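Listing of coords.txt, compact mmCIF, C-alpha atoms
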# COMPACT_ATOMS: atom_id res chain seq x y z
CA MET U 39 55.04 9.85 -35.33
CA LYS U 40 55.97 10.75 -38.88
CA ASP U 41 54.92 14.15 -40.18
CA ALA U 42 55.17 16.53 -43.14
CA LEU U 43 58.76 17.48 -42.29
CA ALA U 44 59.93 13.85 -42.34
CA ILE U 45 58.20 13.31 -45.70
CA HIS U 46 59.62 16.57 -47.09
CA ARG U 47 63.18 15.65 -46.09
CA TRP U 48 62.85 12.15 -47.53
CA LEU U 49 61.50 13.47 -50.84
CA LEU U 50 64.29 16.07 -51.01
CA ALA U 51 66.85 13.32 -50.44
CA HIS U 52 65.28 11.40 -53.36
CA GLN U 53 65.18 14.58 -55.50
CA VAL U 54 61.42 14.37 -56.02
CA HIS U 55 59.60 17.60 -56.84
CA HIS U 56 56.73 18.06 -54.39
CA GLU U 57 54.86 20.61 -52.33
CA ILE U 58 53.66 20.50 -48.75
CA VAL U 59 50.32 22.30 -48.94
CA ARG U 60 49.04 24.29 -45.98
CA LEU U 61 45.32 23.48 -45.71
CA PRO U 62 42.65 26.16 -45.27
CA ARG U 63 41.13 24.12 -42.43
CA PRO U 64 42.25 21.06 -40.47
CA MET U 65 41.29 17.57 -41.64
CA THR U 66 40.22 14.73 -39.37
CA CYS U 67 40.88 12.07 -42.02
CA ALA U 68 42.32 11.69 -45.52
CA GLU U 69 38.85 11.09 -46.98
CA GLU U 70 38.31 14.86 -46.50
CA LEU U 71 41.14 15.68 -48.95
CA PRO U 72 38.97 16.24 -52.05
CA GLU U 73 36.82 18.81 -50.28
CA THR U 74 39.71 20.41 -48.41
CA VAL U 75 42.12 20.85 -51.35
CA ARG U 76 39.30 21.17 -53.93
CA ALA U 77 40.52 18.30 -56.07
CA GLU U 78 38.74 15.42 -57.75
CA PRO U 79 38.44 12.36 -55.45
CA GLY U 80 40.34 10.37 -58.08
CA ARG U 81 43.34 12.69 -57.58
CA CYS U 82 43.41 12.18 -53.79
CA VAL U 83 45.31 9.12 -52.56
CA VAL U 84 44.34 7.62 -49.22
CA VAL U 85 45.68 4.76 -47.14
CA THR U 86 43.23 2.44 -45.40
CA VAL U 87 44.61 0.12 -42.75
CA PHE U 88 42.88 -3.20 -42.12
CA ASP U 89 43.12 -5.73 -39.31
CA VAL U 90 43.07 -9.10 -41.07
CA ALA U 91 42.36 -12.46 -39.45
CA THR U 92 43.85 -15.21 -41.59
CA ARG U 93 42.32 -18.64 -42.05
CA ILE U 94 44.99 -20.14 -39.79
CA GLY U 95 44.01 -17.77 -36.98
CA SER U 96 46.84 -15.24 -37.02
CA GLU U 97 46.25 -11.48 -37.09
CA VAL U 98 47.92 -9.29 -39.72
CA VAL U 99 47.79 -5.56 -40.35
CA VAL U 100 47.59 -4.55 -44.04
CA ALA U 101 47.70 -1.07 -45.60
CA VAL U 102 45.78 -0.44 -48.83
CA VAL U 103 46.61 2.52 -51.08
CA ALA U 104 43.72 3.72 -53.26
CA THR U 105 41.95 6.93 -54.24
CA ALA U 106 39.23 8.67 -52.29
CA ALA U 107 36.97 7.90 -55.27
CA THR U 108 37.48 4.14 -54.98
CA PRO U 109 38.02 3.18 -51.34
CA PRO U 110 38.91 -0.48 -50.76
CA GLN U 111 36.15 -2.82 -49.67
CA PRO U 112 37.02 -5.19 -46.80
CA GLY U 113 35.45 -8.15 -48.62
CA VAL U 114 37.60 -7.61 -51.71
CA VAL U 115 40.75 -7.30 -49.59
CA GLY U 116 39.77 -10.46 -47.71
CA GLY U 117 39.22 -12.33 -50.97
CA LEU U 118 42.65 -11.31 -52.26
CA LEU U 119 44.33 -12.41 -49.05
CA GLY U 120 42.24 -15.51 -48.44
CA ALA U 121 41.32 -14.06 -45.05
CA ARG U 122 38.67 -15.19 -42.64
CA GLN U 123 37.83 -11.66 -41.49
CA VAL U 124 38.85 -8.13 -42.55
CA ARG U 125 37.88 -5.03 -40.62
CA PRO U 126 39.17 -1.46 -40.36
CA ALA U 127 42.05 -1.39 -37.89
CA PRO U 128 41.46 0.47 -34.64
CA ALA U 129 43.32 3.76 -34.12
CA PHE U 130 45.97 2.38 -31.75
CA LEU U 131 46.84 -0.36 -34.27
CA VAL U 132 47.05 2.11 -37.18
CA ASN U 133 49.30 4.40 -35.15
CA SER U 134 51.65 1.62 -34.08
CA ALA U 135 51.74 -0.21 -37.45
CA THR U 136 52.30 2.86 -39.65
CA ASP U 137 53.90 5.44 -37.32
CA TYR U 138 51.32 7.94 -38.64
CA THR U 139 48.24 9.41 -37.01
CA ASP U 140 45.12 7.31 -37.60
CA GLY U 141 43.13 8.61 -40.57
CA LEU U 142 46.03 10.69 -41.90
CA VAL U 143 48.40 7.95 -43.09
CA CYS U 144 50.72 8.87 -45.95
CA PRO U 145 51.55 6.09 -48.44
CA LEU U 146 55.25 7.03 -48.21
CA LEU U 147 57.69 6.01 -45.46
CA LEU U 148 55.58 3.06 -44.33
CA PRO U 149 57.52 0.38 -42.42
CA GLU U 150 59.04 -2.34 -44.61
CA SER U 151 57.40 -4.98 -42.41
CA LEU U 152 53.89 -3.65 -43.20
CA PRO U 153 52.23 -5.42 -46.15
CA VAL U 154 50.97 -2.81 -48.64
CA LEU U 155 48.42 -3.37 -51.41
CA ILE U 156 48.23 -0.76 -54.18
CA ASP U 157 45.03 -0.36 -56.21
CA ASP U 158 45.83 -0.91 -59.89
CA ARG U 159 43.38 1.88 -60.81
CA LEU U 160 45.90 4.49 -59.62
CA VAL U 161 47.00 6.26 -62.81
CA ALA U 162 50.71 6.93 -63.34
CA ASP U 163 50.59 10.28 -65.13
CA ASP U 164 52.07 13.76 -64.85
CA MET U 165 49.01 15.16 -63.07
CA ALA U 166 49.18 16.17 -59.43
CA VAL U 167 47.82 13.98 -56.68
CA PHE U 168 47.28 14.82 -53.03
CA THR U 169 47.79 12.67 -49.98
CA ALA U 170 47.85 13.05 -46.20
CA THR U 171 51.06 13.78 -44.30
CA GLY U 172 50.12 12.54 -40.85
CA GLU U 173 49.18 16.09 -39.85
CA ARG U 174 45.77 17.75 -39.80
CA HIS U 175 46.93 21.04 -41.34
CA THR U 176 48.99 19.86 -44.32
CA ALA U 177 48.78 17.68 -47.43
CA LEU U 178 51.39 16.45 -49.86
CA CYS U 179 51.13 17.31 -53.57
CA LEU U 180 53.29 15.56 -56.17
CA ARG U 181 53.03 13.97 -59.60
CA ALA U 182 51.13 10.69 -59.66
CA LEU U 183 53.99 9.08 -61.58
CA ASP U 184 56.48 10.07 -58.87
CA LEU U 185 54.23 8.77 -56.10
CA LEU U 186 53.69 5.42 -57.81
CA ASN U 187 57.41 5.04 -58.47
CA LEU U 188 58.13 5.59 -54.77
CA LEU U 189 55.48 3.23 -53.40
CA THR U 190 56.52 -0.18 -52.17
CA GLY U 191 53.96 -2.94 -52.16
CA LYS U 192 51.98 -5.22 -54.38
CA THR U 193 49.73 -3.82 -57.11
CA VAL U 194 46.35 -5.60 -57.06
CA ASP U 195 42.89 -5.43 -58.63
CA LEU U 196 40.57 -4.03 -55.94
CA ARG U 197 37.45 -3.88 -58.09
CA THR U 198 34.39 -5.40 -56.50
CA PRO U 199 33.74 -8.71 -58.27
CA ARG U 200 30.34 -9.06 -59.90
CA PRO U 201 28.16 -11.85 -58.55
CA ARG U 202 27.87 -14.84 -60.83
CA GLY U 203 24.68 -15.11 -62.82
CA THR U 204 24.01 -11.37 -63.04
CA ARG U 205 23.10 -9.96 -66.41
CA GLU U 206 26.36 -7.96 -66.61
CA ALA U 207 28.37 -11.12 -65.95
CA VAL U 208 26.59 -13.00 -68.74
CA ALA U 209 26.41 -10.34 -71.47
CA PRO U 210 28.37 -7.12 -71.74
CA ARG U 211 26.48 -3.85 -71.94
CA HIS U 212 26.16 -2.16 -75.33

Turn this file's structure into structure tokens for me.
Amino acid sequence: MKDALAIHRWLLAHQVHHEIVRLPRPMTCAEELPETVRAEPGRCVVVTVFDVATRIGSEVVVAVVATAATPPQPGVVGGLLGARQVRPAPAFLVNSATDYTDGLVCPLLLPESLPVLIDDRLVADDMAVFTATGERHTALCLRALDLLNLLTGKTVDLRTPRPRGTREAVAPRH
């Protein structure tokens, strides 16, 4: 399993300024980052892994990178992929597909064979963002711009589509 040391070494090799943060208490999942590091949910990047059943019947594992403030919805991911069914991947599948501990997946060092979707709402700026490291006692802190430059995957719109015929869809708010 990958851990903070593997991430640290990789970032050093790529000359990326970062910090491995020792947490005041252990996390069970990346969604706890905002509370644990006392940061805005929009500054905490999480990876959600889905088990996707395609329309032709094959199973695919997909990782989605988003913020804790805007977690990906299975229906939106399914719509983007034209999938029959999308559900959170079970722990054993997350562990084997990402080589990270379930719930603590870092968006860096993911296998090249794993399809990755990146929420287009992630802001590439000089502000710090936090993400999991695969370990319960540490988090990774680096500039959002650096993180987004290092991510591999496809940037997509993960906003929940508005149903047709709603007032907002017909006339914009003033």

For Asp41 in chain U, find every residue with an atom within 10 Å (counting all atoms listed in the file), except residues of its own chain fewer than 3 positions away, and show them as number ranges by chain. U: 44-46, 137-139, 142-144, 170-174, 176

Output file for the selection above: C-alpha atoms, as a JSON list (two decimals), in the coordinates of the input:
[["chain", "number", "residue", "atom", "x", "y", "z"],
["U", 44, "ALA", "CA", 59.93, 13.85, -42.34],
["U", 45, "ILE", "CA", 58.20, 13.31, -45.70],
["U", 46, "HIS", "CA", 59.62, 16.57, -47.09],
["U", 137, "ASP", "CA", 53.90, 5.44, -37.32],
["U", 138, "TYR", "CA", 51.32, 7.94, -38.64],
["U", 139, "THR", "CA", 48.24, 9.41, -37.01],
["U", 142, "LEU", "CA", 46.03, 10.69, -41.90],
["U", 143, "VAL", "CA", 48.40, 7.95, -43.09],
["U", 144, "CYS", "CA", 50.72, 8.87, -45.95],
["U", 170, "ALA", "CA", 47.85, 13.05, -46.20],
["U", 171, "THR", "CA", 51.06, 13.78, -44.30],
["U", 172, "GLY", "CA", 50.12, 12.54, -40.85],
["U", 173, "GLU", "CA", 49.18, 16.09, -39.85],
["U", 174, "ARG", "CA", 45.77, 17.75, -39.80],
["U", 176, "THR", "CA", 48.99, 19.86, -44.32]]

Rounded to one decimal place, report the CA of Ala129 in chain U-CA of Leu178 in chain U distance in Å.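 CA of Leu178 in chain U lies at a distance of 21.8 Å from CA of Ala129 in chain U.
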
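The two atoms in question, CA of Pro149 in chain U and CA of Asp164 in chain U, are spaced 26.7 Å apart.
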
With distances taken over all atoms listed in the file, the candidate from U:Val83, U:Val194, U:Met39, U:Leu152 nearest Val167 in chain U is U:Val83

I need every residue sitting at most 9 Å from the point (46.6, -1.0, -43.9) (coordinates as in the file, only C-alpha atoms considered), written as a list in words.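 Taken together, the residues in range are Val85, Thr86, Val87, Phe88, Asp89, Val99, Val100, Ala101, Val102, Val103, Pro126, Ala127, Val132, Ala135, Thr136, Leu152, Pro153, Val154 and Leu155 of chain U.
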
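With only C-alpha atoms as the atoms that count, the minimum distance from Arg60 in chain U to the choices U:Val114, U:Leu146, U:Val75, U:Ala121 is reached by U:Val75.
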
Residue neighbourhood Pro79 in chain U, 12 Å, all atoms listed in the file, exclusion window fewer than 5 positions, as a ChimeraX atom specification: /U:68-74,84,104-109,160,167-169

Measure the distance from CA of Thr193 in chain U to CA of Arg159 in chain U in Å and round it to one decimal. 9.3 Å

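For Gly117 in chain U, the list of residues within 10 Å, based on all atoms listed in the file and with local chain neighbours fewer than 5 positions off taken out, reads Pro112, Arg122, Gln123, Val124, Leu196 and Pro199 of chain U.
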
Would you compute, for all listed atoms of range 108-113 of chain U, the axis-aligned bounding box grown by 4 Å on each side, and then report its centre and edge lengths in Å rounded to one decimal, as JSON?
{"center_x": 37.2, "center_y": -2.0, "center_z": -50.9, "size_x": 11.5, "size_y": 20.3, "size_z": 16.2}

I want to know what sits within 9 Å of Leu185 in chain U, based on all atoms listed in the file, with residues of the same chain fewer than 4 positions away left out; could you give that as a ChimeraX atom specification? /U:145-146,162,167,180-181,189

Emit the selected residues as a PDB file, keeping the file's coordinate frame, including C-alpha atoms.
ATOM      1  CA  PRO U 145      51.550   6.090 -48.440  1.00  0.00           C
ATOM      2  CA  LEU U 146      55.250   7.030 -48.210  1.00  0.00           C
ATOM      3  CA  ALA U 162      50.710   6.930 -63.340  1.00  0.00           C
ATOM      4  CA  VAL U 167      47.820  13.980 -56.680  1.00  0.00           C
ATOM      5  CA  LEU U 180      53.290  15.560 -56.170  1.00  0.00           C
ATOM      6  CA  ARG U 181      53.030  13.970 -59.600  1.00  0.00           C
ATOM      7  CA  LEU U 189      55.480   3.230 -53.400  1.00  0.00           C
TER       8      LEU U 189
END

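Among U:Thr66, U:Leu61, U:Leu183, U:Arg125, the residue with the shortest atom-to-atom distance to Thr92 in chain U, counting only C-alpha atoms, is U:Arg125.
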
When distances are computed from all atoms listed in the file, which of U:Asp163, U:Glu97, U:Asp140, U:Asp158 shows the smallest separation from Lys192 in chain U?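 The shortest atom-to-atom distance to Lys192 in chain U comes from U:Asp158.
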
Pick from U:Gly116, U:Gly191, U:Pro128, U:Gly95 nearest to Leu148 in chain U, counting only C-alpha atoms: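 So, comparing all the options, the nearest one is U:Gly191.
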
Find, counting only C-alpha atoms, the residue in U:Phe130, U:His175, U:Leu188, U:Gln111 that gets nearest to Ala42 in chain U. U:His175

Can I get C-alpha atoms for range 94-188 of chain U, as a PDB file, in the first residue's frame?
ATOM      1  CA  ILE U  94     -22.587  -3.696 -22.292  1.00  0.00           C
ATOM      2  CA  GLY U  95     -22.312  -5.507 -18.960  1.00  0.00           C
ATOM      3  CA  SER U  96     -18.652  -5.043 -18.073  1.00  0.00           C
ATOM      4  CA  GLU U  97     -17.490  -3.762 -14.678  1.00  0.00           C
ATOM      5  CA  VAL U  98     -15.090  -0.805 -14.424  1.00  0.00           C
ATOM      6  CA  VAL U  99     -13.551   0.940 -11.442  1.00  0.00           C
ATOM      7  CA  VAL U 100     -13.383   4.750 -11.716  1.00  0.00           C
ATOM      8  CA  ALA U 101     -11.765   7.274  -9.351  1.00  0.00           C
ATOM      9  CA  VAL U 102     -13.300  10.749  -9.042  1.00  0.00           C
ATOM     10  CA  VAL U 103     -11.293  13.676  -7.652  1.00  0.00           C
ATOM     11  CA  ALA U 104     -13.396  16.451  -6.100  1.00  0.00           C
ATOM     12  CA  THR U 105     -13.562  18.576  -2.958  1.00  0.00           C
ATOM     13  CA  ALA U 106     -15.151  17.588   0.326  1.00  0.00           C
ATOM     14  CA  ALA U 107     -17.604  20.446  -0.317  1.00  0.00           C
ATOM     15  CA  THR U 108     -18.829  18.970  -3.608  1.00  0.00           C
ATOM     16  CA  PRO U 109     -18.668  15.167  -3.455  1.00  0.00           C
ATOM     17  CA  PRO U 110     -19.500  13.401  -6.724  1.00  0.00           C
ATOM     18  CA  GLN U 111     -22.993  11.992  -7.139  1.00  0.00           C
ATOM     19  CA  PRO U 112     -23.192   8.451  -8.569  1.00  0.00           C
ATOM     20  CA  GLY U 113     -25.973   9.468 -10.968  1.00  0.00           C
ATOM     21  CA  VAL U 114     -23.906  12.289 -12.455  1.00  0.00           C
ATOM     22  CA  VAL U 115     -20.888   9.997 -12.870  1.00  0.00           C
ATOM     23  CA  GLY U 116     -23.128   7.375 -14.484  1.00  0.00           C
ATOM     24  CA  GLY U 117     -24.556   9.950 -16.875  1.00  0.00           C
ATOM     25  CA  LEU U 118     -21.075  11.065 -17.934  1.00  0.00           C
ATOM     26  CA  LEU U 119     -19.973   7.490 -18.538  1.00  0.00           C
ATOM     27  CA  GLY U 120     -23.218   6.228 -20.031  1.00  0.00           C
ATOM     28  CA  ALA U 121     -23.288   3.581 -17.305  1.00  0.00           C
ATOM     29  CA  ARG U 122     -26.089   1.275 -16.321  1.00  0.00           C
ATOM     30  CA  GLN U 123     -25.220   1.369 -12.618  1.00  0.00           C
ATOM     31  CA  VAL U 124     -22.752   3.317 -10.446  1.00  0.00           C
ATOM     32  CA  ARG U 125     -22.165   2.563  -6.791  1.00  0.00           C
ATOM     33  CA  PRO U 126     -19.402   3.242  -4.269  1.00  0.00           C
ATOM     34  CA  ALA U 127     -16.725   0.583  -4.652  1.00  0.00           C
ATOM     35  CA  PRO U 128     -16.320  -1.857  -1.771  1.00  0.00           C
ATOM     36  CA  ALA U 129     -13.164  -1.571   0.360  1.00  0.00           C
ATOM     37  CA  PHE U 130     -11.357  -4.545  -1.178  1.00  0.00           C
ATOM     38  CA  LEU U 131     -11.884  -3.105  -4.677  1.00  0.00           C
ATOM     39  CA  VAL U 132     -10.673   0.368  -3.641  1.00  0.00           C
ATOM     40  CA  ASN U 133      -7.575  -1.131  -2.034  1.00  0.00           C
ATOM     41  CA  SER U 134      -6.690  -3.269  -5.043  1.00  0.00           C
ATOM     42  CA  ALA U 135      -7.538  -0.656  -7.717  1.00  0.00           C
ATOM     43  CA  THR U 136      -5.716   2.287  -6.095  1.00  0.00           C
ATOM     44  CA  ASP U 137      -3.058   0.682  -3.864  1.00  0.00           C
ATOM     45  CA  TYR U 138      -4.275   3.006  -1.077  1.00  0.00           C
ATOM     46  CA  THR U 139      -6.320   2.282   2.025  1.00  0.00           C
ATOM     47  CA  ASP U 140     -10.071   2.584   1.418  1.00  0.00           C
ATOM     48  CA  GLY U 141     -11.351   6.026   2.414  1.00  0.00           C
ATOM     49  CA  LEU U 142      -7.863   7.560   2.461  1.00  0.00           C
ATOM     50  CA  VAL U 143      -7.014   7.563  -1.254  1.00  0.00           C
ATOM     51  CA  CYS U 144      -4.615  10.267  -2.425  1.00  0.00           C
ATOM     52  CA  PRO U 145      -5.202  11.671  -5.934  1.00  0.00           C
ATOM     53  CA  LEU U 146      -1.467  11.281  -6.673  1.00  0.00           C
ATOM     54  CA  LEU U 147       0.335   8.076  -7.686  1.00  0.00           C
ATOM     55  CA  LEU U 148      -2.840   6.373  -8.886  1.00  0.00           C
ATOM     56  CA  PRO U 149      -2.251   3.518 -11.347  1.00  0.00           C
ATOM     57  CA  GLU U 150      -2.183   4.568 -15.012  1.00  0.00           C
ATOM     58  CA  SER U 151      -4.769   1.888 -15.796  1.00  0.00           C
ATOM     59  CA  LEU U 152      -7.327   3.464 -13.411  1.00  0.00           C
ATOM     60  CA  PRO U 153      -9.698   5.922 -15.140  1.00  0.00           C
ATOM     61  CA  VAL U 154      -9.718   9.220 -13.217  1.00  0.00           C
ATOM     62  CA  LEU U 155     -12.336  11.975 -13.489  1.00  0.00           C
ATOM     63  CA  ILE U 156     -11.408  15.414 -12.119  1.00  0.00           C
ATOM     64  CA  ASP U 157     -14.145  17.843 -11.059  1.00  0.00           C
ATOM     65  CA  ASP U 158     -13.790  21.053 -13.070  1.00  0.00           C
ATOM     66  CA  ARG U 159     -14.751  23.062  -9.967  1.00  0.00           C
ATOM     67  CA  LEU U 160     -11.293  22.433  -8.473  1.00  0.00           C
ATOM     68  CA  VAL U 161      -9.611  25.847  -8.505  1.00  0.00           C
ATOM     69  CA  ALA U 162      -6.013  26.099  -9.730  1.00  0.00           C
ATOM     70  CA  ASP U 163      -4.668  28.824  -7.446  1.00  0.00           C
ATOM     71  CA  ASP U 164      -1.769  29.442  -5.074  1.00  0.00           C
ATOM     72  CA  MET U 165      -3.822  28.563  -1.993  1.00  0.00           C
ATOM     73  CA  ALA U 166      -3.110  25.408  -0.025  1.00  0.00           C
ATOM     74  CA  VAL U 167      -5.232  22.306  -0.379  1.00  0.00           C
ATOM     75  CA  PHE U 168      -5.220  19.186   1.757  1.00  0.00           C
ATOM     76  CA  THR U 169      -5.649  15.583   0.722  1.00  0.00           C
ATOM     77  CA  ALA U 170      -5.310  12.127   2.253  1.00  0.00           C
ATOM     78  CA  THR U 171      -2.062  10.158   2.090  1.00  0.00           C
ATOM     79  CA  GLY U 172      -3.352   6.640   2.589  1.00  0.00           C
ATOM     80  CA  GLU U 173      -2.558   6.884   6.303  1.00  0.00           C
ATOM     81  CA  ARG U 174      -4.861   7.757   9.185  1.00  0.00           C
ATOM     82  CA  HIS U 175      -2.392  10.073  10.953  1.00  0.00           C
ATOM     83  CA  THR U 176      -1.169  12.283   8.087  1.00  0.00           C
ATOM     84  CA  ALA U 177      -2.433  14.576   5.336  1.00  0.00           C
ATOM     85  CA  LEU U 178      -0.727  16.184   2.373  1.00  0.00           C
ATOM     86  CA  CYS U 179      -0.684  19.976   1.998  1.00  0.00           C
ATOM     87  CA  LEU U 180       0.381  21.645  -1.254  1.00  0.00           C
ATOM     88  CA  ARG U 181      -0.664  24.434  -3.599  1.00  0.00           C
ATOM     89  CA  ALA U 182      -3.835  23.715  -5.545  1.00  0.00           C
ATOM     90  CA  LEU U 183      -2.064  24.693  -8.764  1.00  0.00           C
ATOM     91  CA  ASP U 184       0.685  22.134  -8.133  1.00  0.00           C
ATOM     92  CA  LEU U 185      -1.822  19.395  -7.341  1.00  0.00           C
ATOM     93  CA  LEU U 186      -3.864  20.053 -10.477  1.00  0.00           C
ATOM     94  CA  ASN U 187      -0.738  20.113 -12.630  1.00  0.00           C
ATOM     95  CA  LEU U 188       0.265  16.696 -11.276  1.00  0.00           C
TER      96      LEU U 188
END
